[in-house]
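Enquirer: One structure coming up, written as structure tokens, with questions to follow.
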Amino acid sequence: MARKPRVWYPGAQYHIYNRGNRRETLFYEPQDYFKYLTFLNEAKDKYPCQIYSYCLMTNHIHIQLKSEEHKPGKIMGVTHTRYAHYFNKKYQLEGHVFKGRFNGELIQFPDYELEVNRYIHLNPLKANMVTNLEDYSWSSYHAYANNKYDPLIDDTSHFLSLFPQPQNKNYKDFLLSAMKPHEILLNPTK
């Protein structure tokens with residue numbers, strides 16, 4: 001059966017996600033995360049797009065991106081092909097690293113794009129990988145919460161401008177407002 005074509009138009013924004021084949025681990029050590037982010041950044045340079053947020057989890061990835069000129073398949077295809085070659089060579093494996101092609105959900109409403117951003121950044125906390133978002137290195141959270149430079153994130157003002165001053169603190173509060181009290185083990189905003 002033929003795959004359903006993805007909807008794309010210049011300026012389309014997506015929530016892209018994929019997981020390891022058979023739900024297996026994608027990132028075993030810090031170098032693996034760095035390699036994936038490097039390949040994503042190089043794909044972004046080759047096929048210009050705007051990455052609003054990302055989070056690399058142990059066995060899956062989330063990316064929020066907008067592209068004016070290129071379908072997300074170009075960006076993700078290059079990234080995932082290069083990472084699969086790296087991963088299989090490093091760990092002496094063969095076969096698929098990712099579970100098929102990536103999933104891409106078109107973000108059509110402004111309110112929803114902020115919810116996607118929150119969902120992506122809360123992933124490590126919701127998965128109990130950390131008790132404090134400040135402790136998770138493999139997401140764009142720090143660009144928003146702490147104004148930390150991230151080569152993948154060109155502009156945090158798209159979302160931070162939606163919050164009153166102090167924007168970073170109000171952004172952190174917005175993230176945590178989606179958590180149920182029993183899910184917040186410590187103060188994730190320090």
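How things are named: the first chain in the structure tokens is A, the next is B, and so on; residues count from 1 in each chain; ligands count from 1 in the order shown.
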For the contact check between region 73-178 of chain A and region 31-47 of chain A, emit one row per residue of region 73-178 of chain A within 9 Å, containing the shortest atom pair and the distance in Å rounded to one decimal, counting only C-alpha atoms, chain then rising number order, as CSV.
Expert:
```
residue,atom,partner,partner_atom,distance
A:Lys74,CA,A:Tyr47,CA,7.3
A:Ile75,CA,A:Ala43,CA,5.4
A:Met76,CA,A:Leu40,CA,7.6
A:Gly77,CA,A:Ala43,CA,8.9
A:Val78,CA,A:Ala43,CA,6.2
A:Thr79,CA,A:Leu40,CA,5.2
A:His80,CA,A:Tyr36,CA,8.1
A:Arg82,CA,A:Phe39,CA,6.8
A:Tyr83,CA,A:Tyr36,CA,6.0
A:Tyr86,CA,A:Lys35,CA,8.2
A:Phe87,CA,A:Asp32,CA,7.7
A:Trp138,CA,A:Tyr33,CA,7.1
A:Pro151,CA,A:Asn41,CA,7.4
A:Leu152,CA,A:Asn41,CA,6.0
```
Enquirer: When DSSP is applied to the backbone of this structure, which of region 131-181 of chain A are assigned helix (DSSP H, G or I)? Write them out as a ChimeraX atom specification.
Expert: /A:133-135,141-145,157-160,167-176,181
Enquirer: Now that the selection is made, can you save its residues with C-alpha atoms as an mmCIF file, in the first residue's frame?
Expert:
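The resulting out24.cif:
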```
data_model
loop_
_atom_site.group_PDB
_atom_site.id
_atom_site.type_symbol
_atom_site.label_atom_id
_atom_site.label_comp_id
_atom_site.auth_asym_id
_atom_site.auth_seq_id
_atom_site.Cartn_x
_atom_site.Cartn_y
_atom_site.Cartn_z
ATOM 1 C CA LEU A 133 14.697 20.108 33.779
ATOM 2 C CA GLU A 134 17.891 22.039 34.461
ATOM 3 C CA ASP A 135 19.647 18.672 34.736
ATOM 4 C CA TYR A 141 15.081 23.819 27.150
ATOM 5 C CA HIS A 142 18.165 25.781 28.273
ATOM 6 C CA ALA A 143 17.906 28.167 25.316
ATOM 7 C CA TYR A 144 14.455 29.203 26.557
ATOM 8 C CA ALA A 145 14.875 28.918 30.308
ATOM 9 C CA SER A 157 11.678 35.175 20.964
ATOM 10 C CA HIS A 158 8.996 33.493 18.840
ATOM 11 C CA PHE A 159 7.766 31.874 22.064
ATOM 12 C CA LEU A 160 9.328 33.954 24.838
ATOM 13 C CA GLN A 167 10.120 35.980 30.286
ATOM 14 C CA ASN A 168 12.411 33.070 31.137
ATOM 15 C CA LYS A 169 10.854 32.564 34.556
ATOM 16 C CA ASN A 170 7.328 32.864 33.181
ATOM 17 C CA TYR A 171 8.202 30.365 30.456
ATOM 18 C CA LYS A 172 9.429 27.900 33.116
ATOM 19 C CA ASP A 173 6.224 28.454 35.094
ATOM 20 C CA PHE A 174 4.201 27.805 31.940
ATOM 21 C CA LEU A 175 5.998 24.500 31.402
ATOM 22 C CA LEU A 176 5.353 23.347 34.941
ATOM 23 C CA PRO A 181 1.458 18.173 41.627
#
```
Enquirer: So which residues touch His15 (chain A) within 6 Å, counting only C-alpha atoms, skipping near sequence neighbours fewer than 2 positions away, as a list in words?
Expert: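 Here the answer would be Ile63, Gln64, Gly104 and Glu105 of chain A.
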Enquirer: To one decimal in Å, tell me the separation between CA of Glu94 (chain A) and CA of Leu56 (chain A).
Expert: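 Rounded to one decimal, the two atoms are 22.1 Å apart.
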Enquirer: Extract the full set of strand (DSSP E or B) residues from region 39-142 of chain A according to DSSP on the backbone, and format it as a list in words.
Expert: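 Of region 39-142 of chain A, the ones in strand (DSSP E or B) are Gln50, Ile51, Tyr52, Ser53, Tyr54, Cys55, Leu56, His60, Ile61, His62, Ile63, Gln64, Leu65, Lys66, Ser67, Phe98, Asn103, Gly104, Glu105, Leu106, Ile107 and Ser139 of chain A.
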Enquirer: I need the residues from that last selection saved to file as a PDB file, in the first residue's frame (with C-alpha atoms), if you can.
Expert:
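New file result-v8.pdb:
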```pdb
ATOM      1  CA  GLN A  50      13.932  27.009  11.768  1.00  0.00           C
ATOM      2  CA  ILE A  51      14.132  24.607  14.682  1.00  0.00           C
ATOM      3  CA  TYR A  52      12.018  25.884  17.544  1.00  0.00           C
ATOM      4  CA  SER A  53      12.559  23.044  19.997  1.00  0.00           C
ATOM      5  CA  TYR A  54      13.966  19.560  20.283  1.00  0.00           C
ATOM      6  CA  CYS A  55      14.466  16.823  22.821  1.00  0.00           C
ATOM      7  CA  LEU A  56      16.530  13.685  22.405  1.00  0.00           C
ATOM      8  CA  HIS A  60      13.142   8.547  20.657  1.00  0.00           C
ATOM      9  CA  ILE A  61      13.402  12.113  19.394  1.00  0.00           C
ATOM     10  CA  HIS A  62      11.117  15.158  19.173  1.00  0.00           C
ATOM     11  CA  ILE A  63      11.766  18.179  16.949  1.00  0.00           C
ATOM     12  CA  GLN A  64       9.596  21.223  16.287  1.00  0.00           C
ATOM     13  CA  LEU A  65      10.566  22.841  13.018  1.00  0.00           C
ATOM     14  CA  LYS A  66       9.360  25.225  10.362  1.00  0.00           C
ATOM     15  CA  SER A  67      10.586  25.237   6.774  1.00  0.00           C
ATOM     16  CA  PHE A  98      14.889   4.174  13.357  1.00  0.00           C
ATOM     17  CA  ASN A 103       6.298  10.967  11.943  1.00  0.00           C
ATOM     18  CA  GLY A 104       5.391  14.577  11.299  1.00  0.00           C
ATOM     19  CA  GLU A 105       2.344  16.272  12.706  1.00  0.00           C
ATOM     20  CA  LEU A 106       1.435  19.524  10.969  1.00  0.00           C
ATOM     21  CA  ILE A 107       0.983  22.361  13.473  1.00  0.00           C
ATOM     22  CA  SER A 139      16.994  19.431  24.685  1.00  0.00           C
TER      23      SER A 139
END
```
Enquirer: Pick out the closest residue to Val97 (chain A) from this set: A:Phe163, A:Tyr149, A:Tyr9, A:Phe27. Count only C-alpha atoms.
Expert: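 Comparing A:Phe163, A:Tyr149, A:Tyr9, A:Phe27 against Val97 (chain A), the winner is A:Phe27.
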